file input11.cif (mmCIF, C-alpha atoms)
data_run
#
loop_
_atom_site.label_atom_id
_atom_site.label_comp_id
_atom_site.auth_asym_id
_atom_site.auth_seq_id
_atom_site.Cartn_x
_atom_site.Cartn_y
_atom_site.Cartn_z
CA MET A 45 10.31 -5.11 -13.06
CA LEU A 46 11.03 -8.82 -13.27
CA PRO A 47 10.70 -10.53 -16.66
CA ALA A 48 7.97 -13.08 -17.30
CA LEU A 49 9.50 -16.25 -15.92
CA GLY A 50 6.42 -18.43 -16.40
CA THR A 51 6.45 -21.98 -15.07
CA ASN A 52 9.87 -23.43 -14.38
CA PRO A 53 10.79 -27.08 -15.14
CA ILE A 54 10.02 -28.05 -11.56
CA GLY A 55 6.40 -26.98 -12.06
CA ILE A 56 6.07 -23.90 -9.84
CA ASN A 57 4.99 -20.50 -11.20
CA ILE A 58 7.69 -18.17 -9.85
CA GLU A 59 6.13 -15.02 -11.30
CA ALA A 60 2.83 -15.64 -9.57
CA SER A 61 4.57 -16.32 -6.27
CA ILE A 62 6.62 -13.12 -6.43
CA GLY A 63 3.63 -11.07 -7.58
CA ALA A 64 1.62 -12.30 -4.63
CA ARG A 65 4.34 -11.16 -2.24
CA ASN A 66 4.93 -7.70 -3.76
CA ILE A 67 3.80 -4.74 -1.69
CA VAL A 68 2.41 -1.76 -3.58
CA PRO A 69 4.59 1.28 -2.71
CA ASN A 70 3.02 4.40 -1.31
CA ARG A 71 3.27 7.01 -4.05
CA SER A 72 3.21 10.57 -2.79
CA SER A 73 1.64 13.22 -5.01
CA PRO A 74 4.15 15.78 -6.43
CA ILE A 75 1.53 18.58 -6.51
CA CYS A 76 3.13 20.54 -3.65
CA VAL A 77 6.60 20.50 -5.21
CA VAL A 78 5.28 21.58 -8.61
CA THR A 79 3.25 24.36 -7.00
CA CYS A 80 6.27 25.63 -5.06
CA ASP A 81 8.36 25.70 -8.22
CA GLN A 82 5.66 27.58 -10.08
CA ILE A 83 5.32 30.11 -7.25
CA PHE A 84 9.09 30.68 -7.32
CA ASP A 85 9.06 31.24 -11.09
CA VAL A 86 6.18 33.72 -10.83
CA LEU A 87 7.88 35.62 -8.01
CA LEU A 88 11.14 35.72 -9.94
CA PHE A 89 9.40 37.12 -13.03
CA PHE A 90 7.52 39.67 -10.93
CA THR A 91 10.79 40.74 -9.26
CA ARG A 92 12.48 41.31 -12.62
CA VAL A 93 9.57 43.40 -13.90
CA TRP A 94 9.37 45.33 -10.63
CA GLY A 95 13.09 46.11 -10.84
CA VAL A 96 12.77 47.53 -14.35
CA LEU A 97 9.79 49.67 -13.27
CA THR A 98 11.75 50.90 -10.24
CA ALA A 99 14.63 51.94 -12.47
CA ILE A 100 12.23 53.84 -14.74
CA VAL A 101 10.66 55.70 -11.80
CA LEU A 102 14.06 56.63 -10.33
CA ALA A 103 15.27 57.81 -13.71
CA GLY A 104 12.19 60.00 -14.09
CA VAL A 105 12.70 61.53 -10.64
CA GLY A 106 16.36 62.13 -11.43
CA VAL A 107 15.53 63.91 -14.69
CA ASP A 108 13.01 66.09 -12.85
CA PHE A 109 15.60 66.99 -10.23
CA ILE A 110 18.18 67.90 -12.85
CA TYR A 111 15.61 69.99 -14.72
CA HIS A 112 15.00 72.06 -11.56
CA GLY A 113 18.72 72.36 -10.85
CA ARG A 114 18.95 69.90 -7.97
CA TYR A 115 22.21 67.93 -7.89
CA PRO A 116 20.73 64.72 -6.25
CA GLY A 117 19.18 64.02 -9.63
CA TYR A 118 22.51 62.70 -10.90
CA TRP A 119 22.63 60.20 -8.03
CA LEU A 120 19.10 59.06 -8.80
CA ILE A 121 19.97 58.47 -12.44
CA ALA A 122 23.03 56.49 -11.32
CA TYR A 123 20.74 54.43 -9.03
CA ALA A 124 18.38 53.79 -11.94
CA VAL A 125 21.19 52.63 -14.24
CA THR A 126 22.61 50.34 -11.53
CA ILE A 127 19.22 48.74 -10.79
CA PHE A 128 18.46 48.26 -14.47
CA PHE A 129 21.86 46.64 -15.05
CA LEU A 130 21.55 44.28 -12.07
CA GLU A 131 17.99 43.26 -12.95
CA THR A 132 18.87 42.49 -16.58
CA LEU A 133 22.10 40.70 -15.65
CA CYS A 134 20.58 37.27 -16.30
CA VAL A 135 19.55 38.31 -19.82
CA LEU A 136 23.05 39.61 -20.56
CA THR A 137 24.57 36.40 -19.23
CA LEU A 138 22.33 34.32 -21.48
CA PHE A 139 23.28 36.49 -24.46
CA LEU A 140 26.99 35.97 -23.74
CA LYS A 141 26.48 32.22 -23.46
CA LEU A 142 24.98 32.18 -26.94
CA THR A 143 27.57 34.45 -28.56
CA VAL A 144 30.88 34.02 -26.68
CA ARG A 145 32.83 30.83 -26.14
CA VAL A 146 33.32 29.49 -22.64
CA ASP A 147 37.13 29.77 -22.77
CA HIS A 148 37.04 33.44 -23.79
CA LYS A 149 38.75 36.00 -21.53
CA LEU A 150 35.53 38.01 -21.34
CA TRP A 151 34.06 35.41 -18.98
CA GLN A 152 36.79 36.13 -16.42
CA ILE A 153 35.71 39.78 -16.32
CA TRP A 154 32.00 38.93 -16.40
CA ARG A 155 32.44 36.65 -13.40
CA TYR A 156 33.17 39.68 -11.21
CA CYS A 157 30.05 41.42 -12.52
CA THR A 158 27.87 38.55 -11.32
CA LEU A 159 29.21 38.60 -7.76
CA ILE A 160 26.35 40.86 -6.64
CA ASP A 161 23.39 38.58 -7.02
CA ASP A 162 20.44 37.15 -5.05
CA TRP A 163 20.36 38.41 -1.45
CA LYS A 164 23.45 40.59 -1.98
CA LYS A 165 21.29 43.06 -3.89
CA SER A 166 19.00 43.62 -0.89
CA PRO A 167 21.27 45.89 1.21
CA LEU A 168 22.19 47.91 -1.86
CA TYR A 169 18.57 48.46 -2.93
CA ILE A 170 17.45 49.34 0.60
CA PHE A 171 20.28 51.86 0.87
CA MET A 172 19.25 53.40 -2.46
CA GLY A 173 15.65 53.67 -1.34
CA LEU A 174 16.48 55.35 1.95
CA THR A 175 18.86 57.87 0.38
CA THR A 176 16.27 58.64 -2.30
CA MET A 177 13.67 59.64 0.30
CA TYR A 178 16.17 61.67 2.33
CA LYS A 179 15.32 64.96 0.56
CA PRO A 180 12.06 64.64 -1.38
CA TYR A 181 11.82 68.37 -2.28
CA LYS A 182 8.01 68.15 -2.07
CA LEU A 183 7.82 65.64 -4.92
CA TRP A 184 5.65 62.57 -4.26
CA LEU A 185 7.44 60.49 -6.92
CA VAL A 186 10.50 60.53 -4.65
CA TYR A 187 8.60 58.50 -2.04
CA ALA A 188 7.29 56.18 -4.76
CA GLY A 189 10.77 55.51 -6.13
CA GLY A 190 12.34 55.03 -2.69
CA ALA A 191 9.59 52.69 -1.53
CA ALA A 192 9.85 50.72 -4.77
CA ALA A 193 13.61 50.28 -4.29
CA ILE A 194 13.16 49.11 -0.69
CA PHE A 195 10.42 46.67 -1.70
CA LEU A 196 12.68 45.37 -4.49
CA GLY A 197 15.39 44.63 -1.93
CA LEU A 198 12.92 42.75 0.26
CA LEU A 199 11.75 40.74 -2.76
CA HIS A 200 15.30 39.60 -3.53
CA LEU A 201 15.85 38.66 0.11
CA GLY A 202 12.65 36.59 0.16
CA LEU A 203 13.53 34.92 -3.16
CA SER A 204 16.95 33.89 -1.84
CA ILE A 205 15.43 32.30 1.27
CA PHE A 206 12.73 30.58 -0.79
CA HIS A 207 15.31 29.23 -3.26
CA LYS A 208 17.45 27.77 -0.47
CA LEU A 209 14.41 26.08 1.07
CA LEU A 210 13.49 24.55 -2.30
CA LYS A 211 17.02 23.25 -2.84
CA ARG A 212 17.11 21.72 0.64
CA ARG A 213 13.74 20.09 0.08
CA MET A 214 14.78 18.63 -3.27
CA LYS A 215 17.97 17.19 -1.74
CA LYS A 216 15.95 15.52 1.01
CA LYS A 217 13.52 14.12 -1.53
CA GLU A 218 16.33 12.72 -3.71
CA HIS A 219 17.96 11.14 -0.66
CA ARG A 220 14.69 9.53 0.42
CA SER A 221 13.91 8.25 -3.08
CA GLY A 222 17.39 6.76 -3.42
CA GLN A 223 17.11 5.08 -0.04
CA SER A 224 13.65 3.71 -0.86
CA ASP A 225 14.89 2.32 -4.20
CA LEU A 226 17.75 0.57 -2.43
CA ASP A 227 15.40 -0.92 0.17
CA SER A 228 13.01 -2.04 -2.59
CA LEU A 229 15.86 -3.72 -4.47
CA GLU A 230 17.01 -5.54 -1.34
CA SER A 231 13.46 -6.70 -0.58
CA ARG A 232 13.04 -7.95 -4.17
CA PHE A 233 16.29 -9.92 -3.89
CA GLU A 234 15.18 -11.48 -0.62
CA GLU A 235 11.81 -12.43 -2.14
CA VAL A 236 13.45 -14.08 -5.14
CA THR A 237 15.81 -16.08 -2.95
CA ASP A 238 12.91 -17.16 -0.72
CA VAL A 239 10.90 -18.34 -3.73
CA LEU A 240 13.87 -20.22 -5.18
CA ASP A 241 14.45 -21.91 -1.84
CA ASP A 242 10.82 -23.00 -1.83
CA CYS A 243 11.06 -24.27 -5.42
CA ILE A 244 14.15 -26.48 -4.91
CA PRO A 245 13.07 -29.87 -3.49
CA GLU A 246 14.79 -31.34 -0.48
CA PRO A 247 17.12 -34.35 -1.05
CA MET A 248 15.71 -37.77 -0.29
CA PRO A 249 16.36 -39.06 3.23
CA GLY A 250 19.44 -41.24 3.41
CA SER A 251 20.76 -40.00 0.09
CA SER A 252 23.89 -37.88 -0.26
CA VAL A 253 23.21 -36.96 -3.90
CA SER A 254 22.30 -33.32 -4.40
CA LEU A 255 20.02 -31.81 -7.02
CA SER A 256 22.93 -30.52 -9.07
CA ASP A 257 24.48 -33.98 -9.13
CA SER A 258 21.22 -35.56 -10.24
CA LEU A 259 20.89 -33.18 -13.15
CA HIS A 260 24.30 -34.23 -14.54
CA PRO A 261 24.67 -38.01 -15.24
CA ASP A 262 27.77 -39.76 -14.09
CA ASN A 263 30.15 -40.23 -17.00
CA ASP A 264 32.10 -42.98 -15.28
CA SER A 265 29.03 -45.20 -14.79
CA SER A 266 28.02 -44.84 -18.46
CA ILE A 267 31.52 -45.86 -19.56
CA LEU A 268 31.44 -48.95 -17.34
CA GLU A 269 28.07 -50.04 -18.74
CA ILE A 270 29.43 -49.88 -22.26
#
call {"tool": "encode", "arguments": {"input": "input11.cif", "output": "structure tokens"}}
result
Amino acid sequence: MLPALGTNPIGINIEASIGARNIVPNRSSPICVVTCDQIFDVLLFFTRVWGVLTAIVLAGVGVDFIYHGRYPGYWLIAYAVTIFFLETLCVLTLFLKLTVRVDHKLWQIWRYCTLIDDWKKSPLYIFMGLTTMYKPYKLWLVYAGGAAAIFLGLLHLGLSIFHKLLKRRMKKKEHRSGQSDLDSLESRFEEVTDVLDDCIPEPMPGSSVSLSDSLHPDNDSSILEI
């Protein structure tokens, strides 16, 4: 925003001239972007809760299998522990950030634990769900746990695609806003130069004295008069 220039010594109001030439920019409403971000946050929270519930169901089915002497129960408990660990990985990472320094050697080990994230969980969860429903042993909770694991994998796949689309959209928006700011700055500069050109009077015909020379008196002529 240009400062209040007021009326210059020549007698022309530069601020009024520039204000009359300014074009009001078209401001787009950010409602869609905010809504998309809120939808992503809600889906992410729902996915975390669904993952914990899936781990609980698989653990319950595994305990029931072990109680009836069926060995696949141990695999189901292992599935439940793996899902619970992967779904609470973000909480554990936040806890380490608050308690462990960044240059600690534990972060080098923890970096390998975070390799399986986002869409990489989807094939693992789908595999767990299919193997869970392979031998249900006439227990309906087996189908519930397997379907929950498959749905959890699809949720992570959808979240990964949605997150990439949001990042791409934000990059395009930042690029467009930066380009529009640059164009606005160039247009402002051109407007100021046009107004200044209009404010500066033309030299008198037949005279070779410029405006800058007229503003500064000739020292040699004053010395000769004295």
call {"tool": "resolve_selection", "arguments": {"input": "input11.cif", "expression": "the PyMOL selection byres ((chain A and resi 104) around 12)", "output": "compact mmCIF listing (two decimals) with C-alpha atoms, keeping the file's coordinate frame"}}
result
# COMPACT_ATOMS: atom_id res chain seq x y z
CA LEU A 97 9.79 49.67 -13.27
CA THR A 98 11.75 50.90 -10.24
CA ALA A 99 14.63 51.94 -12.47
CA ILE A 100 12.23 53.84 -14.74
CA VAL A 101 10.66 55.70 -11.80
CA LEU A 102 14.06 56.63 -10.33
CA ALA A 103 15.27 57.81 -13.71
CA VAL A 105 12.70 61.53 -10.64
CA GLY A 106 16.36 62.13 -11.43
CA VAL A 107 15.53 63.91 -14.69
CA ASP A 108 13.01 66.09 -12.85
CA PHE A 109 15.60 66.99 -10.23
CA ILE A 110 18.18 67.90 -12.85
CA TYR A 111 15.61 69.99 -14.72
CA GLY A 117 19.18 64.02 -9.63
CA TYR A 118 22.51 62.70 -10.90
CA LEU A 120 19.10 59.06 -8.80
CA ILE A 121 19.97 58.47 -12.44
CA ALA A 122 23.03 56.49 -11.32
CA TYR A 123 20.74 54.43 -9.03
CA ALA A 124 18.38 53.79 -11.94
CA VAL A 125 21.19 52.63 -14.24
CA LEU A 183 7.82 65.64 -4.92
CA LEU A 185 7.44 60.49 -6.92
CA VAL A 186 10.50 60.53 -4.65
CA ALA A 188 7.29 56.18 -4.76
CA GLY A 189 10.77 55.51 -6.13
call {"tool": "atom_distance", "arguments": {"input": "input11.cif", "atom1": "atom CA of A:Cys157", "atom2": "atom CA of A:Leu136"}}
result
10.8 Å
call {"tool": "axis_aligned_box", "arguments": {"input": "input11.cif", "around": "stretch 128-131 of chain A", "padding_each_side": "6 Å", "output": "JSON"}}
result
{"center_x": 19.9, "center_y": 45.8, "center_z": -13.6, "size_x": 15.9, "size_y": 17.0, "size_z": 15.0}
call {"tool": "residues_around", "arguments": {"input": "input11.cif", "residues": "A:Trp94", "least_positions_apart": "3", "cutoff": "12 Å", "atoms": "all atoms listed in the file", "output": "PyMOL selection string"}}
result
chain A and resi 87-91+97-101+127-128+131-132+189+191-200
call {"tool": "residues_around", "arguments": {"input": "input11.cif", "residues": "A:Lys141", "least_positions_apart": "6", "cutoff": "12 Å", "atoms": "only C-alpha atoms", "output": "ChimeraX atom specification"}}
result
/A:134-135,147-148,150-151,154
call {"tool": "resolve_selection", "arguments": {"input": "input11.cif", "expression": "the PyMOL selection byres ((chain A and resi 170-174) around 6)", "output": "ChimeraX atom specification"}}
result
/A:167-169,175-177,190,193-194,197
call {"tool": "atom_distance", "arguments": {"input": "input11.cif", "atom1": "atom CA of A:Trp163", "atom2": "atom CA of A:Leu201"}}
result
4.8 Å
call {"tool": "atom_distance", "arguments": {"input": "input11.cif", "atom1": "atom CA of A:Leu142", "atom2": "atom CA of A:Thr126"}}
result
23.9 Å
call {"tool": "closest_residue", "arguments": {"input": "input11.cif", "among": "A:Leu133, A:Pro116, A:Gln82, A:Thr143", "to": "A:Ile160", "atoms": "only C-alpha atoms"}}
result
A:Leu133
